>>> print(open('start.txt').read())   # compact mmCIF, C-alpha atoms and all ligand atoms
# COMPACT_ATOMS: atom_id res chain seq x y z
CA MET A 1 0.00 0.00 0.00
CA ASP A 2 1.14 3.48 -0.81
CA ARG A 3 1.97 5.42 2.36
CA ASN A 4 -0.50 8.15 1.56
CA GLU A 5 -3.23 5.54 1.19
CA TYR A 6 -2.23 4.28 4.60
CA TYR A 7 -2.68 7.75 6.13
CA VAL A 8 -6.06 8.10 4.46
CA HIS A 9 -7.04 4.68 5.78
CA TYR A 10 -6.73 6.09 9.31
CA GLY A 11 -8.40 9.36 8.43
CA TRP A 12 -5.14 11.26 8.84
CA SER A 13 -4.61 14.51 7.00
CA LYS A 14 -0.87 13.75 6.79
CA SER A 15 1.81 11.76 8.56
CA PRO A 16 1.82 12.42 12.31
CA PHE A 17 5.61 12.32 12.21
CA ILE A 18 6.38 15.19 9.89
CA LYS A 19 9.34 17.21 11.04
CA SER A 20 8.16 20.68 11.57
CA THR A 21 8.13 23.30 14.25
CA SER A 22 5.14 25.22 13.00
CA LEU A 23 3.18 26.85 15.78
CA ASP A 24 0.14 24.59 15.54
CA ILE A 25 2.08 21.43 16.38
CA PRO A 26 1.15 20.16 19.83
CA ILE A 27 3.91 20.79 22.34
CA ILE A 28 4.63 18.93 25.53
CA GLY A 29 5.38 21.90 27.71
CA ARG A 30 8.74 22.02 29.40
CA VAL A 31 7.63 23.01 32.86
CA ASP A 32 10.94 23.13 34.64
CA GLU A 33 12.87 24.99 31.97
CA TYR A 34 9.99 27.45 31.57
CA ARG A 35 10.03 28.13 35.30
CA GLN A 36 13.76 28.84 35.06
CA VAL A 37 13.08 31.39 32.35
CA CYS A 38 10.45 33.15 34.46
CA GLU A 39 12.81 33.16 37.39
CA SER A 40 15.61 34.66 35.30
CA VAL A 41 13.36 37.40 34.01
CA GLY A 42 12.15 38.12 37.56
CA GLY A 43 15.73 38.31 38.76
CA TRP A 44 16.84 40.62 35.92
CA ASP A 45 19.13 38.10 34.30
CA ARG A 46 18.82 39.87 31.00
CA ILE A 47 20.80 37.39 28.96
CA ILE A 48 19.57 33.82 28.92
CA VAL A 49 21.24 31.08 26.92
CA VAL A 50 19.39 27.85 26.16
CA THR A 51 21.50 25.01 24.85
CA ALA A 52 20.83 21.47 23.67
CA PRO A 53 22.01 19.27 20.81
CA ILE A 54 20.19 19.21 17.49
CA GLY A 55 16.71 17.80 17.62
CA TYR A 56 16.22 18.11 21.36
CA GLY A 57 13.51 20.73 21.09
CA LYS A 58 15.14 24.17 21.25
CA THR A 59 12.98 25.70 18.55
CA THR A 60 9.93 24.04 20.06
CA PHE A 61 10.77 25.48 23.48
CA MET A 62 11.15 28.87 21.86
CA ASN A 63 7.67 28.45 20.40
CA GLN A 64 6.38 27.57 23.84
CA ILE A 65 7.74 30.86 25.15
CA MET A 66 6.30 32.80 22.23
CA MET A 67 2.88 31.36 22.87
CA LYS A 68 2.93 31.93 26.60
CA LYS A 69 4.95 34.94 27.60
CA PRO A 70 6.97 34.42 30.77
CA ILE A 71 5.65 36.31 33.78
CA GLY A 72 6.80 39.90 33.73
CA VAL A 73 7.35 40.04 29.97
CA ASP A 74 5.14 42.34 27.92
CA TYR A 75 6.44 41.97 24.37
CA VAL A 76 8.12 39.04 22.64
CA VAL A 77 9.80 38.91 19.26
CA SER A 78 11.77 36.04 17.72
CA PHE A 79 14.42 35.56 15.07
CA ASP A 80 16.25 32.71 13.46
CA ALA A 81 19.72 32.65 12.00
CA TYR A 82 18.47 33.44 8.55
CA GLU A 83 17.01 36.80 9.38
CA PRO A 84 19.11 39.39 7.55
CA GLU A 85 20.86 41.55 10.08
CA GLU A 86 19.37 44.73 8.80
CA ASN A 87 15.88 43.42 9.48
CA VAL A 88 16.51 42.71 13.11
CA ALA A 89 16.25 46.28 14.34
CA ARG A 90 13.18 46.95 12.25
CA ARG A 91 11.37 43.86 13.47
CA ILE A 92 12.19 44.55 17.11
CA ILE A 93 10.57 47.93 16.83
CA SER A 94 7.56 46.60 14.98
CA THR A 95 6.57 44.45 18.01
CA LEU A 96 5.81 47.57 20.02
CA PRO A 97 2.29 48.95 19.94
CA PHE A 98 1.93 51.38 17.13
CA TRP A 99 1.74 54.54 19.25
CA LYS A 100 5.15 53.76 20.67
CA ARG A 101 6.53 53.43 17.18
CA LEU A 102 5.59 56.83 15.88
CA SER A 103 8.95 58.39 16.53
CA ALA A 104 10.83 55.41 15.09
CA ARG A 105 10.57 56.32 11.46
CA ASN A 106 14.02 57.45 10.59
CA MET A 107 16.00 55.36 12.93
CA ASP A 108 19.28 53.63 12.25
CA ARG A 109 20.55 50.58 14.03
CA THR A 110 22.68 52.44 16.50
CA SER A 111 19.82 54.42 17.96
CA VAL A 112 17.51 51.46 18.57
CA GLY A 113 18.78 51.05 22.13
CA ASP A 114 18.03 54.65 23.03
CA PHE A 115 14.69 54.43 21.32
CA LEU A 116 13.69 51.37 23.33
CA GLN A 117 14.94 52.86 26.57
CA LYS A 118 12.75 55.89 25.98
CA ASN A 119 9.68 54.07 24.73
CA LEU A 120 9.44 50.84 26.68
CA GLY A 121 8.77 52.65 29.95
CA LYS A 122 8.12 49.96 32.54
CA LYS A 123 7.29 47.34 29.93
CA ARG A 124 9.73 44.54 29.30
CA LEU A 125 10.68 43.26 25.87
CA LEU A 126 12.01 39.72 25.39
CA ILE A 127 13.91 39.02 22.18
CA LEU A 128 14.42 35.38 21.17
CA PHE A 129 17.22 34.27 18.86
CA ASP A 130 17.09 30.75 17.45
CA GLU A 131 20.17 28.97 16.08
CA ALA A 132 22.24 31.71 17.64
CA HIS A 133 25.48 29.75 17.23
CA GLU A 134 25.22 30.77 13.57
CA TYR A 135 25.25 34.50 14.22
CA ASP A 136 28.22 36.53 13.30
CA ASP A 137 30.19 38.71 15.64
CA GLY A 138 28.79 41.93 14.27
CA LEU A 139 25.31 41.02 15.36
CA PHE A 140 26.46 40.01 18.83
CA LYS A 141 28.31 43.31 19.19
CA TRP A 142 25.25 45.26 18.24
CA LEU A 143 23.09 43.27 20.65
CA ARG A 144 25.52 44.01 23.42
CA ILE A 145 25.12 47.72 22.77
CA LEU A 146 21.37 47.28 22.80
CA ASN A 147 21.68 45.46 26.11
CA ASP A 148 23.69 48.37 27.48
CA ARG A 149 21.41 51.11 26.37
CA ALA A 150 18.00 49.68 27.13
CA ASP A 151 17.38 48.32 30.62
CA ASN A 152 14.13 46.55 29.96
CA VAL A 153 15.34 44.45 27.07
CA PHE A 154 15.86 40.75 27.77
CA MET A 155 17.50 38.40 25.28
CA MET A 156 17.35 34.65 24.96
CA PHE A 157 19.77 32.78 22.72
CA PHE A 158 18.97 29.22 21.63
CA GLY A 159 21.65 27.03 20.14
CA LEU A 160 24.23 24.29 20.42
CA SER A 161 26.41 24.20 23.49
CA SER A 162 29.20 25.99 21.60
CA LEU A 163 27.00 29.04 21.93
CA VAL A 164 28.00 29.53 25.55
CA ASP A 165 31.60 29.95 24.46
CA ARG A 166 30.59 32.25 21.64
CA ILE A 167 28.76 34.52 23.99
CA THR A 168 31.39 34.62 26.68
CA ALA A 169 34.07 35.14 24.03
CA GLU A 170 32.31 38.28 22.88
CA SER A 171 33.98 40.28 25.63
CA ALA A 172 31.05 42.55 25.37
CA PHE A 173 28.74 40.00 26.89
CA ARG A 174 31.21 38.41 29.24
CA ASP A 175 30.65 40.45 32.34
CA ARG A 176 26.92 40.73 31.95
CA LYS A 177 24.85 38.72 34.30
CA SER A 178 23.64 35.81 32.30
CA ARG A 179 21.94 32.52 32.87
CA THR A 180 22.42 29.25 31.02
CA ILE A 181 19.60 26.75 30.82
CA THR A 182 20.22 23.27 29.44
CA LEU A 183 17.21 21.46 28.04
CA LYS A 184 16.60 18.20 29.83
CA PRO A 185 16.15 15.01 27.83
CA LEU A 186 12.49 14.11 27.48
CA THR A 187 11.23 11.06 29.35
CA THR A 188 9.73 8.05 27.60
CA GLU A 189 6.33 9.09 28.97
CA GLN A 190 6.70 12.53 27.42
CA LEU A 191 7.70 11.01 24.09
CA VAL A 192 4.66 8.73 24.26
CA GLU A 193 2.52 11.83 24.78
CA ILE A 194 4.13 13.48 21.76
CA VAL A 195 3.11 10.54 19.57
CA LYS A 196 -0.44 10.50 20.90
CA ASN A 197 -0.86 14.25 20.51
CA ARG A 198 0.52 14.17 17.02
CA ILE A 199 -1.88 11.41 15.99
CA ALA A 200 -4.74 13.50 17.35
CA TRP A 201 -3.29 16.50 15.55
CA VAL A 202 -3.59 14.78 12.14
CA LYS A 203 -7.16 13.82 13.12
CA GLY A 204 -6.50 10.19 13.97
CA LYS A 205 -8.74 8.14 16.22
CA GLY A 206 -7.18 6.99 19.47
CA THR A 207 -3.73 5.57 18.99
CA ALA A 208 -4.53 3.41 15.96
CA PRO A 209 -2.75 1.68 14.32
CA PHE A 210 -0.36 1.65 17.28
CA THR A 211 -0.93 -0.43 20.37
CA GLU A 212 0.12 1.14 23.68
CA ALA A 213 3.14 -1.14 23.78
CA GLY A 214 3.99 -0.20 20.20
CA ILE A 215 4.05 3.51 21.04
CA LYS A 216 6.09 2.89 24.14
CA ARG A 217 8.66 0.88 22.18
CA LEU A 218 8.86 3.63 19.59
CA ALA A 219 9.35 6.22 22.33
CA GLU A 220 12.17 4.17 23.82
CA SER A 221 13.86 3.88 20.45
CA ALA A 222 14.29 7.64 20.36
CA ASN A 223 16.85 7.79 23.16
CA SER A 224 15.17 10.91 24.60
CA VAL A 225 15.61 12.84 21.37
CA PRO A 226 12.30 14.04 19.92
CA ARG A 227 13.67 14.40 16.43
CA LEU A 228 14.76 10.79 16.42
CA LEU A 229 11.28 9.85 17.59
CA LEU A 230 9.85 11.44 14.47
CA GLU A 231 12.41 9.79 12.19
CA ASN A 232 11.83 6.36 13.68
CA GLY A 233 8.08 6.84 13.68
CA GLN A 234 8.17 7.66 9.99
CA THR A 235 10.31 4.60 9.25
CA VAL A 236 7.83 2.39 11.09
CA LEU A 237 4.82 3.85 9.31
CA GLU A 238 6.36 3.49 5.89
CA GLY A 239 7.34 -0.10 6.65
CA CYS A 240 3.81 -0.88 7.83
CA ALA A 241 2.21 0.73 4.81
CA LYS A 242 4.36 -1.32 2.49
CA ARG A 243 3.70 -4.57 4.31
CA GLU A 244 0.06 -3.69 4.97
CA ILE A 245 0.36 -4.10 8.72
CA PHE A 246 -2.62 -2.61 10.54
CA GLU A 247 -1.61 -3.22 14.10
CA ILE A 248 1.71 -1.78 15.18
CA THR A 249 2.85 -3.65 18.26
CA ASP A 250 6.18 -3.43 20.07
CA ARG A 251 7.33 -6.44 18.06
CA VAL A 252 6.53 -4.71 14.78
CA VAL A 253 8.39 -1.57 15.89
CA GLU A 254 11.43 -3.61 16.83
CA GLU A 255 11.42 -5.49 13.58
CA LEU A 256 11.10 -2.41 11.44
CA LEU A 257 13.64 -0.33 13.30
CA GLY A 258 16.12 -3.10 13.87
CA THR A 259 17.57 -2.94 10.40
CA HIS A 260 17.64 0.79 9.95
CA THR A 261 18.83 2.42 13.12
CA TYR A 262 22.12 0.73 13.68
CA GLU A 263 23.94 3.86 12.71
CA GLU A 264 22.11 5.78 15.42
CA LYS A 265 22.67 3.23 18.11
CA ILE A 266 26.01 1.54 17.68
CA GLU A 267 29.02 3.35 18.95
CA PRO A 268 31.99 1.14 18.18
CA GLU A 269 34.95 1.51 20.52
CA VAL A 270 37.24 2.40 17.66
CA GLU A 271 35.27 5.47 16.72
CA ASP A 272 37.43 8.04 18.42
CA PHE A 273 40.75 6.62 17.79
CA GLU A 274 41.51 8.82 14.84
CA SER A 275 40.81 12.14 16.40
CA GLU A 276 42.72 11.06 19.47
CA LEU A 277 45.75 10.08 17.43
CA SER A 278 45.88 12.85 14.88
CA PRO A 279 48.76 15.01 15.92
CA GLY A 280 48.64 18.73 15.74
CA ILE A 281 44.93 19.17 15.92
CA THR A 282 44.35 21.82 18.48
CA VAL A 283 40.77 22.56 19.16
CA GLU A 284 40.37 26.27 19.30
CA LYS A 285 37.71 26.95 21.82
CA ALA A 286 35.25 29.72 21.25
CA VAL A 287 36.87 31.03 18.12
CA PRO A 288 34.30 30.82 15.36
CA SER A 289 36.89 29.61 12.96
CA GLY A 290 36.32 30.24 9.30
CA ASP A 291 37.86 26.90 8.63
CA PHE A 292 36.10 24.31 10.73
CA THR A 293 37.55 21.52 8.61
CA ASP A 294 40.63 21.69 10.88
CA GLU A 295 38.51 20.18 13.58
CA LEU A 296 37.46 17.15 11.57
CA SER A 297 39.30 13.85 11.74
CA PRO A 298 40.89 12.61 8.48
CA THR A 299 38.08 10.17 7.72
CA GLN A 300 35.41 12.73 8.56
CA LEU A 301 37.10 15.03 6.11
CA GLU A 302 37.14 12.32 3.44
CA ILE A 303 33.43 11.76 3.94
CA VAL A 304 32.70 15.45 3.63
CA LYS A 305 34.82 15.70 0.46
CA LEU A 306 33.05 12.75 -1.09
CA LEU A 307 29.68 14.24 -0.34
CA MET A 308 30.82 17.51 -1.83
CA GLU A 309 31.31 15.67 -5.16
CA ARG A 310 28.30 13.41 -5.00
CA GLU A 311 24.82 14.43 -4.14
CA SER A 312 24.17 11.69 -1.60
CA MET A 313 25.58 8.37 -0.45
CA SER A 314 24.54 5.53 1.80
CA ILE A 315 26.68 4.26 4.65
CA THR A 316 27.44 1.12 2.70
CA GLU A 317 28.57 3.08 -0.35
CA LEU A 318 30.76 5.32 1.78
CA SER A 319 32.35 2.39 3.51
CA ASP A 320 32.99 0.70 0.14
CA VAL A 321 34.61 3.75 -1.39
CA LEU A 322 36.68 4.57 1.68
CA GLY A 323 37.49 0.96 2.52
CA LYS A 324 36.41 1.41 6.12
CA ASP A 325 34.31 -0.63 8.47
CA ILE A 326 30.62 0.06 8.03
CA ARG A 327 30.14 0.56 11.75
CA SER A 328 32.76 3.23 12.13
CA ILE A 329 31.38 5.05 9.07
CA GLY A 330 27.95 4.86 10.70
CA SER A 331 29.33 6.38 13.83
CA LEU A 332 31.19 9.13 11.98
CA ILE A 333 28.07 10.02 10.01
CA ARG A 334 26.21 10.26 13.27
CA LYS A 335 28.82 12.68 14.55
CA LEU A 336 28.78 14.76 11.38
CA ARG A 337 25.03 15.03 11.81
CA GLY A 338 25.61 16.61 15.21
CA LEU A 339 23.92 13.77 17.06
CA ASN A 340 26.81 13.06 19.38
CA PRO A 341 26.62 15.61 22.22
CA GLU A 342 30.23 15.09 23.38
CA GLU A 343 31.55 15.64 19.90
CA VAL A 344 29.46 18.75 19.42
CA LYS A 345 30.79 20.12 22.68
CA ARG A 346 34.37 19.23 21.81
CA LYS A 347 34.25 20.94 18.44
CA PRO A 348 32.68 24.32 19.01
CA GLY A 349 33.80 25.71 15.66
CA VAL A 350 31.97 23.12 13.59
CA PRO A 351 28.59 24.32 12.31
CA TYR A 352 26.57 21.15 12.86
CA PRO A 353 24.88 19.44 11.17
CA LEU A 354 27.42 19.10 8.38
CA VAL A 355 25.64 16.03 7.09
CA ILE A 356 21.93 15.34 6.96
CA ARG A 357 19.87 12.31 6.14
CA CYS A 358 18.34 13.02 2.74
CA SER A 359 16.03 10.12 2.11
CA LYS A 360 15.60 6.41 1.93
CA GLU A 361 16.36 4.91 -1.46
CA LYS A 362 16.91 1.63 -3.12
CA ARG A 363 20.63 1.26 -3.66
CA ALA A 364 22.54 -1.90 -4.43
CA GLY A 365 19.33 -3.87 -4.28
CA ARG A 366 18.10 -2.80 -0.88
CA ILE A 367 16.48 0.14 0.81
CA GLN A 368 19.03 2.33 2.51
CA TYR A 369 19.23 5.75 4.08
CA VAL A 370 21.29 8.16 2.03
CA TYR A 371 23.18 11.12 3.40
CA GLY A 372 24.32 14.42 1.96
CA LEU A 373 25.83 17.71 3.04
CA SER A 374 23.60 20.26 4.73
CA ASP A 375 22.98 23.39 2.69
CA ASN A 376 24.97 25.39 5.17
CA ALA A 377 27.95 23.02 5.00
CA ARG A 378 27.87 23.03 1.21
CA ARG A 379 27.80 26.81 1.19
CA LEU A 380 30.70 27.14 3.64
CA LEU A 381 32.81 24.52 1.89
CA ALA A 382 32.27 26.10 -1.49
CA LYS A 383 34.05 29.23 -0.31
N1 LIG A 401 8.45 19.52 23.93
C1 LIG A 401 8.08 19.00 22.74
N2 LIG A 401 6.80 18.63 22.51
C2 LIG A 401 6.42 18.12 21.33
N3 LIG A 401 7.23 17.95 20.28
C3 LIG A 401 8.52 18.32 20.42
C4 LIG A 401 9.01 18.85 21.65
N4 LIG A 401 10.31 19.13 21.50
C5 LIG A 401 10.62 18.80 20.23
N5 LIG A 401 9.55 18.29 19.58
C6 LIG A 401 9.50 17.86 18.16
O1 LIG A 401 10.78 17.35 17.80
C7 LIG A 401 11.26 17.95 16.60
C8 LIG A 401 12.62 18.54 16.84
O2 LIG A 401 12.52 19.64 17.73
P1 LIG A 401 13.17 21.06 17.45
O3 LIG A 401 12.52 22.04 18.36
O4 LIG A 401 13.18 21.36 15.99
O5 LIG A 401 14.67 20.78 17.95
P2 LIG A 401 15.97 21.71 17.82
O6 LIG A 401 15.52 23.11 17.55
O7 LIG A 401 16.64 21.56 19.17
O8 LIG A 401 16.80 21.12 16.73
C9 LIG A 401 10.24 18.98 16.16
O9 LIG A 401 9.64 18.58 14.97
C10 LIG A 401 9.25 19.08 17.29
O10 LIG A 401 7.93 19.11 16.80
MG MG A 402 15.91 24.37 16.02
>>> encode(input="start.txt", output="structure tokens")
Amino acid sequence: MDRNEYYVHYGWSKSPFIKSTSLDIPIIGRVDEYRQVCESVGGWDRIIVVTAPIGYGKTTFMNQIMMKKPIGVDYVVSFDAYEPEENVARRIISTLPFWKRLSARNMDRTSVGDFLQKNLGKKRLLILFDEAHEYDDGLFKWLRILNDRADNVFMMFFGLSSLVDRITAESAFRDRKSRTITLKPLTTEQLVEIVKNRIAWVKGKGTAPFTEAGIKRLAESANSVPRLLLENGQTVLEGCAKREIFEITDRVVEELLGTHTYEEKIEPEVEDFESELSPGITVEKAVPSGDFTDELSPTQLEIVKLLMERESMSITELSDVLGKDIRSIGSLIRKLRGLNPEEVKRKPGVPYPLVIRCSKEKRAGRIQYVYGLSDNARRLLAK
């Protein structure tokens, strides 16, 4: 059965596992982290940094804050890394009620701080920056000035853990009172809720076709990472559509994931031996190096180069071409995707994910995941 037919069979408008952070997607609220934000705002910690690896729910947490303003905050505005710098000032001002904006017509970036100081009065403005590890120094410098000039402006930066170093390296921000919040891994129960809410969101009935045990097994397969939950969920659904399975039990989940997730799960002991042994690689902390390739191990670099030439490759193809063990290639791909928190922490200059999973395709006679460079990586490497 075609997968779309399968969705229709259950009355779904689309797959419940689509990867998206649009605002209508049901969110399992992060109670503890949200409380920490409110506390920081109440205590005038005006710079708040939220870190977590890719796929843990940073953008989703940002959405949670947008939808329910923390206590004490009057205005909220959010940005992602792709917002052109020159728009930032304009958009900040446009969140204010219109009567406060009247005098803002001919303003340049440098006077935004003074403008906000004058016009906010007792109101507090919270500015959210997603993927802030991608920002360039110029923007951070400007934000520091804004922070200096306008007392009632609070900023939250969301990003990978390298962000903390970025922000403290910008001497401008170093001595400001700031607060770092690390997103906690979600529990299996929370991941189960995510699945149930998402099925309801696509207009499904109950948990069908999943049994309770099936959902629980799927939740466990995600290793606390919501993005992995969605990927695995999609794999299971597509497998069930193809095989026309209409009851997804824990056994079914295990069978369908067993063959496909080894590269997520297996961490062979040899994996680190290269980076440990390569002489002369000094990891420059906190310096947003233009050349992050210095931080990659030789085989990681070979993988990246190969993917630069070819659109996409499967793990098996990569291991054939490079003559390396399939398991260590799997592990390296996982690292290049930014899914290994230690590695991400250790290599702050690397703009993860360098590699993304593109699709599942039939190659060499069997269905395999294929991987390619992220747009950002391709752009940076082309320079
Ligand atoms: N608290 C949550 N409740 C429901 N879904 C979540 C939650 N956190 C993350 N997700 C889902 O997991 C996926 C990845 O989350 P995302 O916020 O994009 O992670 P990040 O920004 O850290 O890479 C999203 O599609 C999102 O819908
Ligand atoms: Mg995000």
>>> residues_around(input="start.txt", residues="A:Asp2", least_positions_apart="6", cutoff="10 Å", atoms="only C-alpha atoms", output="PyMOL selection string")
chain A and resi 238+241-244
>>> closest_residue(input="start.txt", among="A:Glu193, A:Asp80, A:Asp250, A:Glu220", to="ligand MG 402 (chain A)", atoms="all atoms listed in the file")
A:Asp80
>>> closest_residue(input="start.txt", among="A:Ala382, A:Leu116, A:Leu373, A:Leu306", to="A:Pro353", atoms="all atoms listed in the file")
A:Leu373
>>> closest_residue(input="start.txt", among="A:Thr293, A:Asn232, A:Asn4, A:Thr59", to="ligand MG 402 (chain A)", atoms="only C-alpha atoms and all ligand atoms")
A:Thr59
>>> atom_distance(input="start.txt", atom1="atom CA of A:Ile194", atom2="atom CA of A:Val236")
15.8 Å
>>> atom_distance(input="start.txt", atom1="atom CA of A:Arg337", atom2="atom CA of A:Glu85")
26.9 Å
>>> atom_distance(input="start.txt", atom1="atom CA of A:Glu212", atom2="atom CA of A:Lys196")
9.8 Å
>>> closest_atom_pairs(input="start.txt", of="chain A", to="ligand MG 402 (chain A)", cutoff="9 Å", atoms="all atoms listed in the file", output="JSON lines")
{"residue": "A:Thr21", "atom": "CA", "partner": "A:MG402", "partner_atom": "MG", "distance": 8.1}
{"residue": "A:Ile54", "atom": "CA", "partner": "A:MG402", "partner_atom": "MG", "distance": 6.9}
{"residue": "A:Gly55", "atom": "CA", "partner": "A:MG402", "partner_atom": "MG", "distance": 6.8}
{"residue": "A:Tyr56", "atom": "CA", "partner": "A:MG402", "partner_atom": "MG", "distance": 8.2}
{"residue": "A:Gly57", "atom": "CA", "partner": "A:MG402", "partner_atom": "MG", "distance": 6.7}
{"residue": "A:Lys58", "atom": "CA", "partner": "A:MG402", "partner_atom": "MG", "distance": 5.3}
{"residue": "A:Thr59", "atom": "CA", "partner": "A:MG402", "partner_atom": "MG", "distance": 4.1}
{"residue": "A:Thr60", "atom": "CA", "partner": "A:MG402", "partner_atom": "MG", "distance": 7.2}
{"residue": "A:Met62", "atom": "CA", "partner": "A:MG402", "partner_atom": "MG", "distance": 8.8}
{"residue": "A:Asp80", "atom": "CA", "partner": "A:MG402", "partner_atom": "MG", "distance": 8.7}
{"residue": "A:Asp130", "atom": "CA", "partner": "A:MG402", "partner_atom": "MG", "distance": 6.6}
{"residue": "A:Glu131", "atom": "CA", "partner": "A:MG402", "partner_atom": "MG", "distance": 6.3}
{"residue": "A:Phe158", "atom": "CA", "partner": "A:MG402", "partner_atom": "MG", "distance": 8.0}
{"residue": "A:Gly159", "atom": "CA", "partner": "A:MG402", "partner_atom": "MG", "distance": 7.5}
>>> write_last_selection(input="start.txt", atoms="C-alpha atoms", output="PDB file, in the frame of the given file")
ATOM      1  CA  THR A  21       8.130  23.300  14.250  1.00  0.00           C
ATOM      2  CA  ILE A  54      20.190  19.210  17.490  1.00  0.00           C
ATOM      3  CA  GLY A  55      16.710  17.800  17.620  1.00  0.00           C
ATOM      4  CA  TYR A  56      16.220  18.110  21.360  1.00  0.00           C
ATOM      5  CA  GLY A  57      13.510  20.730  21.090  1.00  0.00           C
ATOM      6  CA  LYS A  58      15.140  24.170  21.250  1.00  0.00           C
ATOM      7  CA  THR A  59      12.980  25.700  18.550  1.00  0.00           C
ATOM      8  CA  THR A  60       9.930  24.040  20.060  1.00  0.00           C
ATOM      9  CA  MET A  62      11.150  28.870  21.860  1.00  0.00           C
ATOM     10  CA  ASP A  80      16.250  32.710  13.460  1.00  0.00           C
ATOM     11  CA  ASP A 130      17.090  30.750  17.450  1.00  0.00           C
ATOM     12  CA  GLU A 131      20.170  28.970  16.080  1.00  0.00           C
ATOM     13  CA  PHE A 158      18.970  29.220  21.630  1.00  0.00           C
ATOM     14  CA  GLY A 159      21.650  27.030  20.140  1.00  0.00           C
TER      15      GLY A 159
END
>>> residues_around(input="start.txt", residues="stretch 66-77 of chain A", least_positions_apart="6", cutoff="10 Å", atoms="only C-alpha atoms", output="ChimeraX atom specification")
/A:23,34-42,60,88,91-97,120,122-129,152-155
>>> residues_around(input="start.txt", residues="A:Leu237", least_positions_apart="6", cutoff="10 Å", atoms="all atoms listed in the file", output="list in words")
Arg3, Tyr6, Tyr7, Ser15, Pro16, Phe17, Pro209, Phe210, Arg243, Glu244, Ile245, Phe246, Ile248, Val253 and Leu256 of chain A
>>> closest_residue(input="start.txt", among="A:Asn63, A:Gln234, A:Thr249, A:Asn147", to="A:Thr110", atoms="only C-alpha atoms")
A:Asn147
>>> closest_residue(input="start.txt", among="A:Arg30, A:Lys335, A:Lys216, A:Lys383", to="A:Ile303", atoms="all atoms listed in the file")
A:Lys335
>>> residues_around(input="start.txt", residues="stretch 139-144 of chain A", least_positions_apart="3", cutoff="12 Å", atoms="all atoms listed in the file", output="compact mmCIF listing (two decimals) with C-alpha atoms, keeping the file's coordinate frame")
# COMPACT_ATOMS: atom_id res chain seq x y z
CA ARG A 46 18.82 39.87 31.00
CA ILE A 47 20.80 37.39 28.96
CA ALA A 81 19.72 32.65 12.00
CA GLU A 83 17.01 36.80 9.38
CA PRO A 84 19.11 39.39 7.55
CA GLU A 85 20.86 41.55 10.08
CA GLU A 86 19.37 44.73 8.80
CA ASN A 87 15.88 43.42 9.48
CA VAL A 88 16.51 42.71 13.11
CA ALA A 89 16.25 46.28 14.34
CA ILE A 92 12.19 44.55 17.11
CA ASP A 108 19.28 53.63 12.25
CA ARG A 109 20.55 50.58 14.03
CA THR A 110 22.68 52.44 16.50
CA SER A 111 19.82 54.42 17.96
CA VAL A 112 17.51 51.46 18.57
CA GLY A 113 18.78 51.05 22.13
CA ILE A 127 13.91 39.02 22.18
CA LEU A 128 14.42 35.38 21.17
CA PHE A 129 17.22 34.27 18.86
CA ALA A 132 22.24 31.71 17.64
CA HIS A 133 25.48 29.75 17.23
CA GLU A 134 25.22 30.77 13.57
CA TYR A 135 25.25 34.50 14.22
CA ASP A 136 28.22 36.53 13.30
CA ASN A 147 21.68 45.46 26.11
CA ASP A 148 23.69 48.37 27.48
CA ARG A 149 21.41 51.11 26.37
CA ALA A 150 18.00 49.68 27.13
CA ASP A 151 17.38 48.32 30.62
CA VAL A 153 15.34 44.45 27.07
CA PHE A 154 15.86 40.75 27.77
CA MET A 155 17.50 38.40 25.28
CA MET A 156 17.35 34.65 24.96
CA PHE A 157 19.77 32.78 22.72
CA LEU A 163 27.00 29.04 21.93
CA ARG A 166 30.59 32.25 21.64
CA ILE A 167 28.76 34.52 23.99
CA THR A 168 31.39 34.62 26.68
CA ALA A 169 34.07 35.14 24.03
CA GLU A 170 32.31 38.28 22.88
CA SER A 171 33.98 40.28 25.63
CA ALA A 172 31.05 42.55 25.37
CA PHE A 173 28.74 40.00 26.89
CA ARG A 174 31.21 38.41 29.24
CA ASP A 175 30.65 40.45 32.34
CA ARG A 176 26.92 40.73 31.95
>>> closest_residue(input="start.txt", among="A:Leu296, A:Leu229, A:Leu146, A:Val202", to="ligand LIG 401 (chain A)", atoms="only C-alpha atoms and all ligand atoms")
A:Leu229
>>> residues_around(input="start.txt", residues="A:Leu191", least_positions_apart="6", cutoff="12 Å", atoms="only C-alpha atoms", output="list in words")
Ile27, Ile28, Gly29, Tyr56, Gly57, Pro185, Asn197, Arg198, Ile215, Lys216, Arg217, Leu218, Ala219, Glu220, Ser221, Ala222, Asn223, Ser224, Val225, Pro226, Arg227, Leu228, Leu229, Leu230 and Gly233 of chain A
